[in-house]
Amino acid sequence: MNLQSSDFELFGLEPQFAQDRAAIDARWKDLQREAHPDKFAAQGAAAQRLSMQWSVRINEAYQRLKEPLKRAAYLCELNAAPVNAENNTAMPVEFLMQQMAWREALDEASNAADLDELGAQVIAARRDALTKCGQLLDEQRDYSGAVQQVRALMFIERFASDVEARLDQMDTADRGQ
């Protein structure tokens, strides 16, 4: 194994979307323990620098593997289907209509119950998109099709953050009264 190994190779995992988060966490801890610079103190500065590079590489891989959205995007990229979200924002009309409806509902939400209802819709949409991602990546091996789901998940995640921010804003306003 080398620094250019895939994240999956580095962590000893099958290159697939479905992963056990506890196994990823445990492997990350093991790898960090193995690569910790203190273990190489007696071997000199060069060995410590190399162990530091390994630590950084392990952390980067961990960040991609532990998050389903990042893991899905990484799998697409590994299979010659990069997401390119910054350059490609085309989405199906029905998805865009849903986004517009959610935005309107967020703008019109006047209490926590409205926001909780909207949040529940977003959680359901996220769950459905993750399921579809798993099917496209692991069962159908349709990486180009998965790109569309990854981009949809990016929209959903961003909107979920907006709903949370609005709830926090509402909580702050309530405490201030």
# chains A, B, ... in the order shown; residues from 1 in each chain; ligands from 1
call {"tool": "residues_around", "arguments": {"residues": "Asp116 in chain A", "least_positions_apart": "4", "cutoff": "12 Å", "atoms": "only C-alpha atoms", "output": "PDB file with C-alpha atoms, in the first residue's frame"}}
result
ATOM      1  CA  ALA A 105     -42.260  26.599   2.641  1.00  0.00           C
ATOM      2  CA  LEU A 106     -39.079  27.675   4.431  1.00  0.00           C
ATOM      3  CA  ALA A 109     -42.611  28.938   8.006  1.00  0.00           C
ATOM      4  CA  SER A 110     -43.788  30.924  10.993  1.00  0.00           C
ATOM      5  CA  ASN A 111     -43.125  28.489  13.835  1.00  0.00           C
ATOM      6  CA  ALA A 112     -41.052  25.495  14.890  1.00  0.00           C
ATOM      7  CA  ALA A 120     -39.154  15.623   8.199  1.00  0.00           C
ATOM      8  CA  GLN A 121     -39.761  15.937   4.445  1.00  0.00           C
ATOM      9  CA  VAL A 122     -36.095  16.676   3.882  1.00  0.00           C
ATOM     10  CA  ILE A 123     -35.015  13.704   6.016  1.00  0.00           C
ATOM     11  CA  ALA A 160     -31.336  20.684   5.439  1.00  0.00           C
ATOM     12  CA  VAL A 163     -33.780  24.490   7.770  1.00  0.00           C
ATOM     13  CA  GLU A 164     -31.516  23.890  10.802  1.00  0.00           C
ATOM     14  CA  ARG A 166     -33.772  28.778  10.534  1.00  0.00           C
ATOM     15  CA  LEU A 167     -34.695  26.629  13.557  1.00  0.00           C
ATOM     16  CA  ASP A 168     -31.640  27.941  15.409  1.00  0.00           C
ATOM     17  CA  MET A 170     -36.125  30.903  15.742  1.00  0.00           C
TER      18      MET A 170
END
call {"tool": "closest_residue", "arguments": {"among": "A:Lys132, A:Arg103, A:Arg127, A:Lys66", "to": "Asp25 in chain A", "atoms": "only C-alpha atoms"}}
result
A:Lys66
call {"tool": "closest_residue", "arguments": {"among": "A:Arg126, A:Arg158, A:Arg71, A:Arg151", "to": "Gln19 in chain A", "atoms": "only C-alpha atoms"}}
result
A:Arg71
call {"tool": "closest_residue", "arguments": {"among": "A:Asp7, A:Glu67, A:Asp38, A:Glu77", "to": "Asp20 in chain A", "atoms": "only C-alpha atoms"}}
result
A:Glu67
call {"tool": "select_by_dssp", "arguments": {"residues": "chain A", "states": "alpha helix (DSSP H)", "output": "ChimeraX atom specification"}}
result
/A:7-11,21-35,45-66,68-78,93-108,112-134,143-176
call {"tool": "closest_residue", "arguments": {"among": "A:Gln149, A:Gln63, A:Gln53, A:Gln16", "to": "Pro92 in chain A", "atoms": "only C-alpha atoms"}}
result
A:Gln149
call {"tool": "closest_residue", "arguments": {"among": "A:Gln43, A:Ser6, A:Asn59, A:Asn79", "to": "Arg141 in chain A", "atoms": "only C-alpha atoms"}}
result
A:Asn79
call {"tool": "residues_around", "arguments": {"residues": "Leu78 in chain A", "least_positions_apart": "4", "cutoff": "12 Å", "atoms": "only C-alpha atoms", "output": "mmCIF file with N, CA and C atoms, in the first residue's frame"}}
result
data_model
loop_
_atom_site.group_PDB
_atom_site.id
_atom_site.type_symbol
_atom_site.label_atom_id
_atom_site.label_comp_id
_atom_site.auth_asym_id
_atom_site.auth_seq_id
_atom_site.Cartn_x
_atom_site.Cartn_y
_atom_site.Cartn_z
ATOM 1 N N SER A 5 -2.763 4.856 -2.903
ATOM 2 C CA SER A 5 -3.817 3.841 -2.840
ATOM 3 C C SER A 5 -5.170 4.531 -2.692
ATOM 4 N N SER A 6 -6.211 3.867 -3.162
ATOM 5 C CA SER A 6 -7.541 4.442 -2.984
ATOM 6 C C SER A 6 -7.889 4.428 -1.495
ATOM 7 N N ASP A 7 -8.858 5.229 -1.132
ATOM 8 C CA ASP A 7 -9.309 5.264 0.265
ATOM 9 C C ASP A 7 -9.775 3.880 0.710
ATOM 10 N N PHE A 8 -10.449 3.183 -0.173
ATOM 11 C CA PHE A 8 -10.959 1.853 0.159
ATOM 12 C C PHE A 8 -9.812 0.878 0.394
ATOM 13 N N PRO A 15 -14.678 -1.531 -2.396
ATOM 14 C CA PRO A 15 -15.072 -0.236 -2.975
ATOM 15 C C PRO A 15 -16.559 -0.222 -3.326
ATOM 16 N N GLN A 16 -17.366 0.046 -2.319
ATOM 17 C CA GLN A 16 -18.814 0.088 -2.503
ATOM 18 C C GLN A 16 -19.409 1.155 -1.595
ATOM 19 N N ARG A 71 -18.636 9.720 0.155
ATOM 20 C CA ARG A 71 -18.277 8.373 -0.295
ATOM 21 C C ARG A 71 -18.882 8.106 -1.678
ATOM 22 N N ALA A 72 -20.130 8.499 -1.885
ATOM 23 C CA ALA A 72 -20.788 8.299 -3.180
ATOM 24 C C ALA A 72 -20.075 9.095 -4.272
ATOM 25 N N ALA A 73 -19.757 10.346 -3.987
ATOM 26 C CA ALA A 73 -19.053 11.175 -4.973
ATOM 27 C C ALA A 73 -17.687 10.579 -5.297
ATOM 28 N N TYR A 74 -17.008 10.071 -4.287
ATOM 29 C CA TYR A 74 -15.690 9.462 -4.482
ATOM 30 C C TYR A 74 -15.793 8.203 -5.348
ATOM 31 N N PRO A 82 -16.990 11.740 -12.684
ATOM 32 C CA PRO A 82 -16.888 12.801 -11.676
ATOM 33 C C PRO A 82 -18.178 13.605 -11.553
ATOM 34 N N VAL A 83 -18.470 14.049 -10.342
ATOM 35 C CA VAL A 83 -19.709 14.783 -10.073
ATOM 36 C C VAL A 83 -19.667 16.181 -10.690
ATOM 37 N N LEU A 137 -24.997 2.562 -7.299
ATOM 38 C CA LEU A 137 -23.565 2.297 -7.142
ATOM 39 C C LEU A 137 -23.252 0.821 -6.921
ATOM 40 N N ARG A 141 -24.156 -0.644 -10.667
ATOM 41 C CA ARG A 141 -22.850 -0.129 -11.117
ATOM 42 C C ARG A 141 -23.038 0.960 -12.189
ATOM 43 N N TYR A 143 -22.562 4.388 -12.536
ATOM 44 C CA TYR A 143 -21.888 5.526 -11.913
ATOM 45 C C TYR A 143 -22.344 6.856 -12.504
ATOM 46 N N SER A 144 -22.626 6.883 -13.786
ATOM 47 C CA SER A 144 -23.142 8.116 -14.391
ATOM 48 C C SER A 144 -24.510 8.459 -13.818
ATOM 49 N N VAL A 147 -24.251 9.914 -10.343
ATOM 50 C CA VAL A 147 -23.837 11.329 -10.289
ATOM 51 C C VAL A 147 -25.049 12.216 -10.066
#
call {"tool": "closest_residue", "arguments": {"among": "A:Met154, A:Ala146, A:Phe11, A:Ile24", "to": "Glu86 in chain A", "atoms": "only C-alpha atoms"}}
result
A:Met154
call {"tool": "decode", "arguments": {"residues": "range 8-36 of chain A", "atoms": "N, CA and C atoms", "output": "mmCIF file, in the first residue's frame"}}
result
data_model
loop_
_atom_site.group_PDB
_atom_site.id
_atom_site.type_symbol
_atom_site.label_atom_id
_atom_site.label_comp_id
_atom_site.auth_asym_id
_atom_site.auth_seq_id
_atom_site.Cartn_x
_atom_site.Cartn_y
_atom_site.Cartn_z
ATOM 1 N N PHE A 8 -10.449 3.183 -0.173
ATOM 2 C CA PHE A 8 -10.959 1.853 0.159
ATOM 3 C C PHE A 8 -9.812 0.878 0.394
ATOM 4 N N GLU A 9 -8.794 0.931 -0.483
ATOM 5 C CA GLU A 9 -7.620 0.074 -0.302
ATOM 6 C C GLU A 9 -6.929 0.400 1.011
ATOM 7 N N LEU A 10 -6.768 1.678 1.274
ATOM 8 C CA LEU A 10 -6.097 2.116 2.497
ATOM 9 C C LEU A 10 -6.802 1.574 3.737
ATOM 10 N N PHE A 11 -8.118 1.567 3.719
ATOM 11 C CA PHE A 11 -8.898 1.124 4.870
ATOM 12 C C PHE A 11 -9.253 -0.364 4.815
ATOM 13 N N GLY A 12 -8.811 -1.036 3.753
ATOM 14 C CA GLY A 12 -9.100 -2.459 3.628
ATOM 15 C C GLY A 12 -10.578 -2.754 3.437
ATOM 16 N N LEU A 13 -11.263 -1.904 2.685
ATOM 17 C CA LEU A 13 -12.703 -2.032 2.466
ATOM 18 C C LEU A 13 -13.001 -2.324 1.004
ATOM 19 N N GLU A 14 -14.126 -2.978 0.786
ATOM 20 C CA GLU A 14 -14.613 -3.167 -0.573
ATOM 21 C C GLU A 14 -15.008 -1.799 -1.128
ATOM 22 N N PRO A 15 -14.678 -1.531 -2.396
ATOM 23 C CA PRO A 15 -15.072 -0.236 -2.975
ATOM 24 C C PRO A 15 -16.559 -0.222 -3.326
ATOM 25 N N GLN A 16 -17.366 0.046 -2.319
ATOM 26 C CA GLN A 16 -18.814 0.088 -2.503
ATOM 27 C C GLN A 16 -19.409 1.155 -1.595
ATOM 28 N N PHE A 17 -20.635 1.538 -1.917
ATOM 29 C CA PHE A 17 -21.323 2.585 -1.158
ATOM 30 C C PHE A 17 -21.714 2.106 0.235
ATOM 31 N N ALA A 18 -22.286 0.903 0.313
ATOM 32 C CA ALA A 18 -22.726 0.372 1.607
ATOM 33 C C ALA A 18 -21.498 0.052 2.455
ATOM 34 N N GLN A 19 -21.397 0.729 3.587
ATOM 35 C CA GLN A 19 -20.273 0.532 4.501
ATOM 36 C C GLN A 19 -20.790 0.583 5.933
ATOM 37 N N ASP A 20 -20.049 -0.050 6.806
ATOM 38 C CA ASP A 20 -20.354 -0.036 8.232
ATOM 39 C C ASP A 20 -19.559 1.103 8.866
ATOM 40 N N ARG A 21 -20.267 2.122 9.325
ATOM 41 C CA ARG A 21 -19.596 3.299 9.889
ATOM 42 C C ARG A 21 -18.718 2.933 11.087
ATOM 43 N N ALA A 22 -19.162 2.003 11.916
ATOM 44 C CA ALA A 22 -18.353 1.603 13.073
ATOM 45 C C ALA A 22 -17.046 0.958 12.618
ATOM 46 N N ALA A 23 -17.092 0.180 11.553
ATOM 47 C CA ALA A 23 -15.881 -0.449 11.028
ATOM 48 C C ALA A 23 -14.927 0.611 10.461
ATOM 49 N N ILE A 24 -15.476 1.614 9.794
ATOM 50 C CA ILE A 24 -14.649 2.706 9.262
ATOM 51 C C ILE A 24 -13.983 3.442 10.420
ATOM 52 N N ASP A 25 -14.756 3.754 11.453
ATOM 53 C CA ASP A 25 -14.206 4.459 12.619
ATOM 54 C C ASP A 25 -13.103 3.643 13.286
ATOM 55 N N ALA A 26 -13.343 2.355 13.471
ATOM 56 C CA ALA A 26 -12.355 1.493 14.134
ATOM 57 C C ALA A 26 -11.076 1.394 13.303
ATOM 58 N N ARG A 27 -11.233 1.235 11.999
ATOM 59 C CA ARG A 27 -10.058 1.127 11.130
ATOM 60 C C ARG A 27 -9.277 2.430 11.126
ATOM 61 N N TRP A 28 -9.970 3.554 11.135
ATOM 62 C CA TRP A 28 -9.313 4.864 11.188
ATOM 63 C C TRP A 28 -8.446 4.974 12.443
ATOM 64 N N LYS A 29 -9.003 4.567 13.578
ATOM 65 C CA LYS A 29 -8.236 4.616 14.830
ATOM 66 C C LYS A 29 -7.007 3.723 14.756
ATOM 67 N N ASP A 30 -7.173 2.530 14.204
ATOM 68 C CA ASP A 30 -6.035 1.611 14.059
ATOM 69 C C ASP A 30 -4.959 2.203 13.161
ATOM 70 N N LEU A 31 -5.376 2.743 12.025
ATOM 71 C CA LEU A 31 -4.409 3.327 11.094
ATOM 72 C C LEU A 31 -3.701 4.532 11.709
ATOM 73 N N GLN A 32 -4.444 5.365 12.424
ATOM 74 C CA GLN A 32 -3.817 6.523 13.069
ATOM 75 C C GLN A 32 -2.801 6.088 14.122
ATOM 76 N N ARG A 33 -3.139 5.043 14.844
ATOM 77 C CA ARG A 33 -2.223 4.512 15.860
ATOM 78 C C ARG A 33 -0.934 4.007 15.189
ATOM 79 N N GLU A 34 -1.080 3.302 14.068
ATOM 80 C CA GLU A 34 0.068 2.762 13.344
ATOM 81 C C GLU A 34 0.957 3.859 12.772
ATOM 82 N N ALA A 35 0.356 4.947 12.314
ATOM 83 C CA ALA A 35 1.104 6.004 11.628
ATOM 84 C C ALA A 35 1.490 7.170 12.527
ATOM 85 N N HIS A 36 1.159 7.120 13.797
ATOM 86 C CA HIS A 36 1.412 8.265 14.679
ATOM 87 C C HIS A 36 2.896 8.628 14.696
#
